[in-house]
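Coordinates from input_36.cif are shown below (mmCIF, C-alpha atoms).
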data_my_file
loop_
_atom_site.label_atom_id
_atom_site.label_comp_id
_atom_site.auth_asym_id
_atom_site.auth_seq_id
_atom_site.Cartn_x
_atom_site.Cartn_y
_atom_site.Cartn_z
CA MET A 1 -77.14 36.23 -11.72
CA PRO A 2 -74.56 33.42 -11.61
CA VAL A 3 -71.79 33.73 -9.14
CA LEU A 4 -68.26 33.36 -10.48
CA ARG A 5 -65.91 31.70 -8.08
CA ARG A 6 -62.17 32.01 -8.34
CA LEU A 7 -60.42 28.71 -7.88
CA ALA A 8 -57.14 28.66 -6.10
CA LEU A 9 -54.60 26.73 -8.13
CA PRO A 10 -51.80 24.88 -6.50
CA CYS A 11 -48.56 26.63 -7.13
CA THR A 12 -47.24 23.52 -8.87
CA LEU A 13 -49.91 23.71 -11.60
CA ALA A 14 -49.91 27.42 -12.24
CA PRO A 15 -46.84 27.52 -14.50
CA PHE A 16 -48.23 24.72 -16.68
CA LEU A 17 -51.64 26.40 -17.01
CA ALA A 18 -49.96 29.65 -17.91
CA LEU A 19 -47.96 27.86 -20.56
CA ALA A 20 -51.11 26.19 -21.95
CA LEU A 21 -53.00 29.49 -22.12
CA ALA A 22 -50.13 31.41 -23.64
CA PRO A 23 -50.59 32.47 -27.28
CA PRO A 24 -48.87 30.14 -29.79
CA LEU A 25 -45.41 31.07 -30.87
CA ALA A 26 -44.84 32.02 -34.46
CA LEU A 27 -43.35 29.13 -36.45
CA PRO A 28 -40.07 29.82 -38.23
CA ALA A 29 -40.23 30.21 -41.98
CA GLN A 30 -37.73 27.36 -42.47
CA ALA A 31 -38.37 24.13 -40.57
CA GLU A 32 -35.28 23.13 -38.61
CA THR A 33 -36.08 19.48 -37.96
CA SER A 34 -37.25 16.62 -40.15
CA PHE A 35 -40.48 16.42 -38.15
CA ALA A 36 -41.17 20.08 -38.65
CA ALA A 37 -40.37 19.72 -42.33
CA LEU A 38 -42.92 16.93 -42.56
CA LEU A 39 -45.53 19.15 -40.92
CA ASP A 40 -44.75 21.84 -43.47
CA LYS A 41 -45.27 19.42 -46.30
CA LEU A 42 -48.60 18.22 -44.89
CA ARG A 43 -50.12 21.70 -44.72
CA GLN A 44 -52.74 22.20 -47.43
CA THR A 45 -52.61 25.37 -49.47
CA PRO A 46 -55.28 26.91 -51.73
CA GLU A 47 -53.35 25.92 -54.87
CA GLU A 48 -53.74 22.23 -53.96
CA ASP A 49 -57.35 21.79 -55.00
CA GLY A 50 -57.54 18.48 -56.83
CA ILE A 51 -54.76 16.86 -54.74
CA TYR A 52 -55.66 14.14 -52.26
CA GLY A 53 -53.33 12.42 -49.80
CA SER A 54 -53.66 9.35 -47.61
CA ASN A 55 -51.49 7.50 -45.11
CA GLY A 56 -49.66 4.37 -46.22
CA ARG A 57 -46.43 2.48 -45.90
CA ILE A 58 -43.80 1.19 -48.28
CA GLU A 59 -44.23 -2.47 -49.15
CA ALA A 60 -42.34 -4.86 -51.40
CA GLN A 61 -43.52 -8.07 -52.98
CA THR A 62 -42.37 -11.06 -50.93
CA VAL A 63 -41.23 -14.31 -52.55
CA ASP A 64 -40.88 -17.62 -50.70
CA VAL A 65 -37.88 -19.59 -51.98
CA ALA A 66 -38.66 -23.27 -51.44
CA SER A 67 -37.21 -26.70 -52.14
CA LYS A 68 -38.86 -28.75 -54.89
CA TYR A 69 -37.98 -31.98 -53.11
CA ALA A 70 -38.18 -33.33 -49.60
CA GLY A 71 -34.90 -33.97 -47.81
CA ARG A 72 -32.31 -32.81 -45.32
CA ILE A 73 -30.77 -29.34 -45.53
CA GLU A 74 -26.99 -29.52 -45.78
CA ALA A 75 -26.23 -25.80 -45.73
CA VAL A 76 -27.95 -22.40 -45.85
CA SER A 77 -25.68 -19.70 -47.26
CA ALA A 78 -28.17 -16.80 -47.27
CA GLU A 79 -28.38 -14.54 -44.23
CA GLU A 80 -31.16 -12.13 -43.34
CA GLY A 81 -30.46 -8.78 -44.96
CA ASP A 82 -28.28 -10.18 -47.75
CA LEU A 83 -28.81 -8.72 -51.21
CA LEU A 84 -28.87 -11.67 -53.60
CA ALA A 85 -28.47 -11.66 -57.35
CA THR A 86 -30.65 -13.81 -59.58
CA SER A 87 -29.55 -17.49 -59.42
CA ALA A 88 -27.32 -16.86 -56.39
CA PRO A 89 -27.09 -19.98 -54.17
CA VAL A 90 -29.38 -19.90 -51.16
CA ALA A 91 -29.20 -23.37 -49.66
CA GLN A 92 -27.98 -26.90 -50.42
CA MET A 93 -30.06 -30.03 -49.88
CA ASP A 94 -28.54 -33.49 -49.28
CA THR A 95 -27.70 -35.11 -52.65
CA ALA A 96 -26.61 -38.66 -51.73
CA ASP A 97 -29.77 -40.40 -53.00
CA GLU A 98 -29.86 -38.41 -56.23
CA LYS A 99 -26.19 -39.12 -56.96
CA ALA A 100 -26.88 -42.85 -56.64
CA GLN A 101 -29.87 -42.51 -58.96
CA LEU A 102 -27.73 -40.61 -61.45
CA ALA A 103 -25.14 -43.39 -61.47
CA ALA A 104 -27.91 -45.95 -62.09
CA ALA A 105 -29.33 -43.83 -64.90
CA LYS A 106 -25.92 -43.58 -66.57
CA ALA A 107 -25.55 -47.37 -66.35
CA ALA A 108 -28.97 -47.79 -67.96
CA VAL A 109 -27.86 -45.59 -70.86
CA MET A 110 -24.73 -47.69 -71.33
CA ARG A 111 -26.81 -50.89 -71.21
CA ALA A 112 -29.17 -49.56 -73.87
CA GLN A 113 -26.25 -48.53 -76.07
CA ALA A 114 -24.76 -52.04 -75.74
CA ALA A 115 -28.13 -53.55 -76.70
CA LYS A 116 -28.14 -51.39 -79.82
CA ALA A 117 -24.65 -52.59 -80.75
CA VAL A 118 -25.80 -56.23 -80.37
CA ALA A 119 -28.86 -55.51 -82.50
CA GLU A 120 -26.71 -53.94 -85.21
CA ALA A 121 -24.41 -57.00 -85.24
CA THR A 122 -27.46 -59.26 -85.43
CA LEU A 123 -28.69 -57.26 -88.40
CA MET A 124 -25.39 -57.71 -90.21
CA GLN A 125 -25.54 -61.46 -89.56
CA ALA A 126 -29.14 -61.61 -90.75
CA GLN A 127 -28.33 -59.67 -93.90
CA SER A 128 -25.47 -62.12 -94.66
CA ALA A 129 -27.82 -65.07 -94.18
CA LEU A 130 -30.35 -63.36 -96.44
CA ALA A 131 -27.74 -62.99 -99.18
CA VAL A 132 -26.94 -66.72 -98.96
CA ALA A 133 -30.63 -67.61 -99.03
CA GLN A 134 -31.20 -65.33 -101.99
CA THR A 135 -28.33 -66.94 -103.94
CA SER A 136 -29.56 -70.45 -103.13
CA TYR A 137 -33.09 -69.52 -104.14
CA ASP A 138 -31.96 -68.04 -107.48
CA ARG A 139 -29.90 -71.19 -108.24
CA THR A 140 -32.80 -73.48 -107.32
CA VAL A 141 -35.21 -71.54 -109.55
CA LYS A 142 -32.91 -71.99 -112.58
CA LEU A 143 -32.50 -75.71 -111.86
CA HIS A 144 -36.25 -76.11 -111.42
CA GLU A 145 -36.89 -74.35 -114.73
CA SER A 146 -34.43 -76.71 -116.46
CA GLY A 147 -36.19 -79.70 -114.91
CA THR A 148 -33.22 -80.86 -112.88
CA SER A 149 -34.59 -79.77 -109.45
CA ALA A 150 -37.66 -81.08 -107.67
CA GLN A 151 -40.50 -78.84 -106.57
CA SER A 152 -39.77 -79.62 -102.93
CA THR A 153 -36.28 -78.27 -103.30
CA LEU A 154 -37.67 -75.01 -104.69
CA ASP A 155 -40.17 -74.83 -101.83
CA ASP A 156 -37.37 -75.28 -99.28
CA ALA A 157 -35.32 -72.51 -100.93
CA THR A 158 -38.32 -70.19 -100.97
CA ASN A 159 -39.04 -70.79 -97.26
CA ALA A 160 -35.40 -70.24 -96.38
CA LEU A 161 -35.40 -66.94 -98.28
CA ASN A 162 -38.55 -65.74 -96.52
CA SER A 163 -37.14 -66.76 -93.14
CA ALA A 164 -33.93 -64.84 -93.83
CA ARG A 165 -35.93 -61.76 -94.81
CA ALA A 166 -37.95 -61.99 -91.57
CA THR A 167 -34.75 -62.32 -89.57
CA VAL A 168 -33.44 -59.10 -91.14
CA GLU A 169 -36.66 -57.23 -90.29
CA MET A 170 -36.53 -58.53 -86.73
CA ALA A 171 -32.93 -57.32 -86.36
CA ARG A 172 -33.94 -53.90 -87.64
CA ALA A 173 -36.79 -53.81 -85.12
CA GLN A 174 -34.34 -54.71 -82.37
CA ILE A 175 -32.20 -51.74 -83.39
CA SER A 176 -35.24 -49.44 -83.25
CA ASP A 177 -36.10 -50.83 -79.82
CA ALA A 178 -32.53 -50.24 -78.65
CA VAL A 179 -32.66 -46.64 -79.93
CA ALA A 180 -35.90 -46.08 -77.99
CA SER A 181 -34.34 -47.63 -74.89
CA ILE A 182 -31.37 -45.29 -75.20
CA ALA A 183 -33.70 -42.27 -75.48
CA ALA A 184 -35.68 -43.40 -72.42
CA ALA A 185 -32.51 -44.02 -70.41
CA GLU A 186 -31.09 -40.64 -71.39
CA ALA A 187 -34.37 -38.98 -70.41
CA ASP A 188 -34.20 -40.65 -67.00
CA GLN A 189 -30.60 -39.51 -66.66
CA GLN A 190 -31.60 -35.94 -67.58
CA GLN A 191 -34.45 -36.03 -65.06
CA VAL A 192 -32.12 -37.13 -62.27
CA THR A 193 -29.57 -34.50 -63.34
CA LEU A 194 -32.21 -31.78 -63.13
CA ALA A 195 -33.34 -33.03 -59.73
CA LEU A 196 -29.73 -32.93 -58.58
CA GLU A 197 -29.42 -29.34 -59.81
CA ASP A 198 -32.68 -28.39 -58.08
CA LEU A 199 -31.26 -29.59 -54.78
CA THR A 200 -29.09 -26.49 -54.95
CA ILE A 201 -31.70 -23.86 -54.09
CA THR A 202 -31.06 -20.54 -55.83
CA ALA A 203 -32.61 -17.08 -55.74
CA PRO A 204 -35.35 -16.75 -58.39
CA LEU A 205 -34.80 -12.99 -58.63
CA ARG A 206 -32.63 -10.16 -57.41
CA GLY A 207 -33.75 -9.14 -53.95
CA ARG A 208 -33.07 -8.92 -50.24
CA VAL A 209 -33.41 -11.77 -47.77
CA LEU A 210 -36.22 -10.92 -45.36
CA TYR A 211 -36.42 -14.13 -43.29
CA ARG A 212 -34.22 -17.22 -42.91
CA LEU A 213 -36.78 -19.88 -42.07
CA HIS A 214 -34.77 -23.12 -41.71
CA GLU A 215 -31.30 -24.19 -40.63
CA PRO A 216 -28.84 -26.92 -41.71
CA GLY A 217 -29.72 -30.40 -40.47
CA GLU A 218 -33.48 -29.89 -40.62
CA VAL A 219 -35.59 -32.27 -42.73
CA ILE A 220 -38.23 -30.44 -44.76
CA ALA A 221 -41.08 -31.48 -47.03
CA ALA A 222 -41.28 -30.65 -50.72
CA GLY A 223 -42.38 -27.06 -51.27
CA THR A 224 -41.24 -25.86 -47.84
CA PRO A 225 -39.82 -22.30 -47.97
CA VAL A 226 -36.23 -21.99 -46.81
CA ILE A 227 -36.02 -18.18 -47.01
CA THR A 228 -38.34 -15.29 -47.82
CA MET A 229 -37.08 -12.58 -50.16
CA LEU A 230 -38.18 -9.05 -50.99
CA ASP A 231 -38.51 -8.27 -54.69
CA LEU A 232 -36.79 -4.88 -54.81
CA SER A 233 -38.11 -4.27 -58.33
CA ASN A 234 -41.73 -4.32 -57.10
CA VAL A 235 -42.06 -1.67 -54.38
CA TYR A 236 -45.33 0.12 -53.75
CA MET A 237 -47.58 1.88 -51.27
CA ASN A 238 -51.22 1.00 -50.66
CA VAL A 239 -53.44 3.95 -49.85
CA TYR A 240 -57.14 3.90 -49.08
CA LEU A 241 -59.26 6.55 -50.74
CA PRO A 242 -62.98 7.39 -50.75
CA ALA A 243 -65.18 6.74 -53.75
CA SER A 244 -65.27 10.42 -54.67
CA VAL A 245 -61.51 10.30 -55.29
CA VAL A 246 -61.21 6.77 -56.69
CA GLY A 247 -63.86 7.52 -59.30
CA THR A 248 -61.51 10.04 -60.93
CA LEU A 249 -58.44 7.78 -61.03
CA THR A 250 -57.23 5.49 -63.80
CA VAL A 251 -54.35 3.03 -63.91
CA GLY A 252 -51.27 4.87 -65.13
CA ASP A 253 -52.05 8.18 -63.39
CA GLU A 254 -49.14 10.01 -61.78
CA ALA A 255 -48.77 9.98 -58.01
CA ARG A 256 -46.34 11.19 -55.37
CA MET A 257 -44.98 9.84 -52.08
CA ILE A 258 -43.44 11.54 -49.07
CA LEU A 259 -41.87 9.25 -46.49
CA ASP A 260 -41.74 10.10 -42.79
CA PRO A 261 -37.97 9.52 -42.32
CA VAL A 262 -37.03 11.72 -45.31
CA PRO A 263 -39.75 14.35 -45.70
CA GLN A 264 -37.45 16.58 -47.75
CA TYR A 265 -37.74 14.19 -50.72
CA VAL A 266 -40.71 13.69 -53.02
CA ILE A 267 -40.83 10.31 -54.78
CA PRO A 268 -42.64 9.84 -58.11
CA ALA A 269 -45.06 6.94 -58.41
CA THR A 270 -47.76 5.56 -60.69
CA VAL A 271 -51.26 4.26 -59.98
CA THR A 272 -51.01 0.57 -60.92
CA PHE A 273 -54.16 -0.82 -59.31
CA VAL A 274 -57.56 0.45 -58.18
CA SER A 275 -59.64 -2.02 -56.21
CA PRO A 276 -63.12 -2.63 -57.63
CA GLN A 277 -64.49 -3.39 -54.15
CA SER A 278 -64.90 -1.08 -51.19
CA GLN A 279 -63.87 -1.98 -47.66
CA PHE A 280 -63.59 -0.50 -44.23
CA THR A 281 -60.34 1.37 -43.75
CA PRO A 282 -57.65 -0.85 -42.17
CA LYS A 283 -56.72 -0.32 -38.54
CA ASN A 284 -53.32 1.11 -39.42
CA VAL A 285 -55.03 4.31 -40.61
CA GLU A 286 -54.54 6.86 -37.87
CA THR A 287 -57.97 8.33 -37.07
CA ALA A 288 -61.13 6.56 -35.92
CA GLU A 289 -63.22 8.78 -38.23
CA GLN A 290 -61.32 7.51 -41.28
CA ARG A 291 -61.62 3.91 -40.14
CA GLU A 292 -65.40 4.18 -40.07
CA GLU A 293 -65.60 5.10 -43.76
CA LEU A 294 -65.79 2.78 -46.75
CA VAL A 295 -62.77 3.23 -48.98
CA PHE A 296 -61.04 1.63 -51.97
CA ARG A 297 -57.48 0.34 -52.03
CA VAL A 298 -55.22 2.10 -54.53
CA LYS A 299 -51.72 0.84 -55.28
CA LEU A 300 -48.99 3.39 -55.99
CA SER A 301 -45.90 1.76 -57.53
CA VAL A 302 -42.40 3.25 -57.69
CA PRO A 303 -40.75 3.13 -61.16
CA ARG A 304 -38.36 0.20 -61.59
CA ALA A 305 -35.57 2.40 -62.93
CA LEU A 306 -35.72 4.51 -59.77
CA LEU A 307 -35.75 1.39 -57.58
CA ALA A 308 -32.64 0.08 -59.32
CA LYS A 309 -30.84 3.37 -58.69
CA PHE A 310 -31.65 3.48 -54.96
CA GLU A 311 -31.69 -0.28 -54.37
CA ALA A 312 -29.56 -0.13 -51.23
CA GLN A 313 -31.88 2.41 -49.58
CA ILE A 314 -35.13 0.48 -50.08
CA LYS A 315 -36.78 -0.48 -46.78
CA SER A 316 -40.25 -1.95 -46.49
CA GLY A 317 -42.52 -0.86 -43.66
CA VAL A 318 -41.54 2.82 -43.81
CA ARG A 319 -44.60 5.00 -43.33
CA GLY A 320 -45.50 8.03 -45.33
CA ILE A 321 -48.22 9.72 -47.37
CA GLY A 322 -49.26 8.97 -50.91
CA TYR A 323 -50.78 11.70 -53.08
CA VAL A 324 -52.99 11.46 -56.17
CA ARG A 325 -54.66 14.01 -58.41
CA THR A 326 -58.42 13.98 -58.77
CA ARG A 327 -57.99 15.86 -62.06
CA ALA A 328 -55.26 14.87 -64.47
CA ASP A 329 -54.72 18.45 -65.62
CA THR A 330 -54.13 19.73 -62.09
CA PRO A 331 -50.48 20.81 -61.75
CA TRP A 332 -48.55 19.41 -58.84
CA PRO A 333 -47.92 22.07 -56.20
CA ALA A 334 -44.37 23.15 -55.54
CA ARG A 335 -44.08 21.05 -52.38
CA LEU A 336 -44.95 17.91 -54.38
CA THR A 337 -42.46 18.51 -57.19
CA VAL A 338 -40.28 15.44 -57.59
CA ASN A 339 -37.18 15.84 -55.44
CA LEU A 340 -34.71 12.96 -55.13
CA PRO A 341 -31.31 12.59 -53.49
CA GLY A 342 -28.50 13.74 -55.71
#
Can the structure from this file be put into structure tokens for me?
Amino acid sequence: MPVLRRLALPCTLAPFLALALAPPLALPAQAETSFAALLDKLRQTPEEDGIYGSNGRIEAQTVDVASKYAGRIEAVSAEEGDLLATSAPVAQMDTADEKAQLAAAKAAVMRAQAAKAVAEATLMQAQSALAVAQTSYDRTVKLHESGTSAQSTLDDATNALNSARATVEMARAQISDAVASIAAAEADQQQVTLALEDLTITAPLRGRVLYRLHEPGEVIAAGTPVITMLDLSNVYMNVYLPASVVGTLTVGDEARMILDPVPQYVIPATVTFVSPQSQFTPKNVETAEQREELVFRVKLSVPRALLAKFEAQIKSGVRGIGYVRTRADTPWPARLTVNLPG
């Protein structure tokens, strides 16, 4: 028969052991803290068959705003955290070289226009000479027919008429060449103008500045990002679900989100992507057991209209739980009914 030995506990540990062995206290019906409210929302109830939840975090599409041309940064007006409208100025590159090129392009246009004016004057002169040659030719033909003009005189008049006609055609060709030169010069001017405009870097969309990557005075290469923005119209949560759940989902299915900082609100979402390839669960999933399983990435996107309404409150990186239904006809339980701030 085994012998039971009573261990003497130090007096300093006894109160803690007594507390650990004490029966759990009854939880209040109404959670009094946000953490307790979150725990309430995470409890599964029998009516939630067909509902599956997974950890995730709010993410927003990032956009690098870069310079199209190499050069020196004159100014950066965007600060981290700024909410920028579409086409709002972000930074200004040095424009000295492009302004000089623009002046040269304008001069080339003026030169081409002057060449056209010269060609038009040449045409008028050639047409006048042609009229004289035509008159002389007609007179010589009549004299030759009457026998009072030699054949050589008629030949000279004919050659002069043909030469005058050729001169007119050449003048017309010079006008066409001048018109083409004007078009080419104007195209060069437009190209330089566009390059000058592109040296003012603007926001490609409405969003928030996430990072300011370069400062005034720095020389950057073409395509180098100056800031990184968050597209506040493309906010989503990636959750990782097993094949048994993913197999029942389709793009467009309803979903729900509950975020850790505001567990009293339930955010509507839509399944917008289901990965066709399985993977091991990312390390940011809480439990080791879940990380050992093969799962599929599912993207839950927040409606754009809702994002526009709560634009100022959007924060990427906030953790929470995303919920999907394994059966489309399963009603959402009361705790997952959409509930948004008033």
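The spacing separating atom CA of A:Ala160 from atom CA of A:Ser136 amounts to 8.9 Å.
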Residues of stretch 189-254 of chain A at most 12 Å from stretch 258-268 of chain A: nearest atom pair and distance in Å, only C-alpha atoms, as a tab-separated table:
residue	atom	partner	partner_atom	distance
A:Tyr236	CA	A:Pro268	CA	11.0
A:Met237	CA	A:Leu259	CA	10.5
A:Asp253	CA	A:Pro268	CA	10.9
A:Glu254	CA	A:Pro268	CA	7.5
**Report entry** Point-to-point distance in Å for atom CA of A:Asn238 and atom CA of A:Arg206
**Finding:** 22.7 Å
Would you translate the PyMOL selection byres ((chain A and resi 157) around 8) into the concrete set of residues it matches in this file, as a PDB file with C-alpha atoms, keeping the file's coordinate frame?
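Saved result, result_36.pdb, follows:
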ATOM      1  CA  ALA A 133     -30.630 -67.610 -99.030  1.00  0.00           C
ATOM      2  CA  SER A 136     -29.560 -70.450-103.130  1.00  0.00           C
ATOM      3  CA  TYR A 137     -33.090 -69.520-104.140  1.00  0.00           C
ATOM      4  CA  THR A 140     -32.800 -73.480-107.320  1.00  0.00           C
ATOM      5  CA  THR A 153     -36.280 -78.270-103.300  1.00  0.00           C
ATOM      6  CA  LEU A 154     -37.670 -75.010-104.690  1.00  0.00           C
ATOM      7  CA  ASP A 155     -40.170 -74.830-101.830  1.00  0.00           C
ATOM      8  CA  ASP A 156     -37.370 -75.280 -99.280  1.00  0.00           C
ATOM      9  CA  THR A 158     -38.320 -70.190-100.970  1.00  0.00           C
ATOM     10  CA  ASN A 159     -39.040 -70.790 -97.260  1.00  0.00           C
ATOM     11  CA  ALA A 160     -35.400 -70.240 -96.380  1.00  0.00           C
ATOM     12  CA  LEU A 161     -35.400 -66.940 -98.280  1.00  0.00           C
TER      13      LEU A 161
END
Determine the axis-aligned bounding box of all atoms of stretch 91-100 of chain A present in the file, pad each side by 8 Å, and express its centre and edge lengths in Å to one decimal place as JSON.
{"center_x": -28.1, "center_y": -33.1, "center_z": -53.1, "size_x": 19.9, "size_y": 35.5, "size_z": 23.7}
Query raised in the report: Near A:Ala195, counting all atoms listed in the file, which residues have an atom at most 8 Å away, once you skip same-chain residues fewer than 4 positions from it, shown as a PyMOL selection string?
Result: chain A and resi 98+191+199
Requested in this report: Write out as number ranges by chain each polymer residue whose atoms come within 6 Å of stretch 294-306 of chain A, counting only C-alpha atoms; drop sequence neighbours fewer than 3 positions from it.
Outcome: A: 233, 235-242, 269-275, 278-280, 309
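Closest approach to A:Arg319 among A:Met257, A:Ala105, A:Ala131, A:Leu213 is made by A:Met257 (distances from only C-alpha atoms).
Using the PyMOL selection byres ((chain A and resi 82) around 9) on the file at hand returns these residues: Ala78, Glu79, Glu80, Gly81, Leu83, Leu84, Gly207, Arg208, Val209 and Leu210 of chain A.
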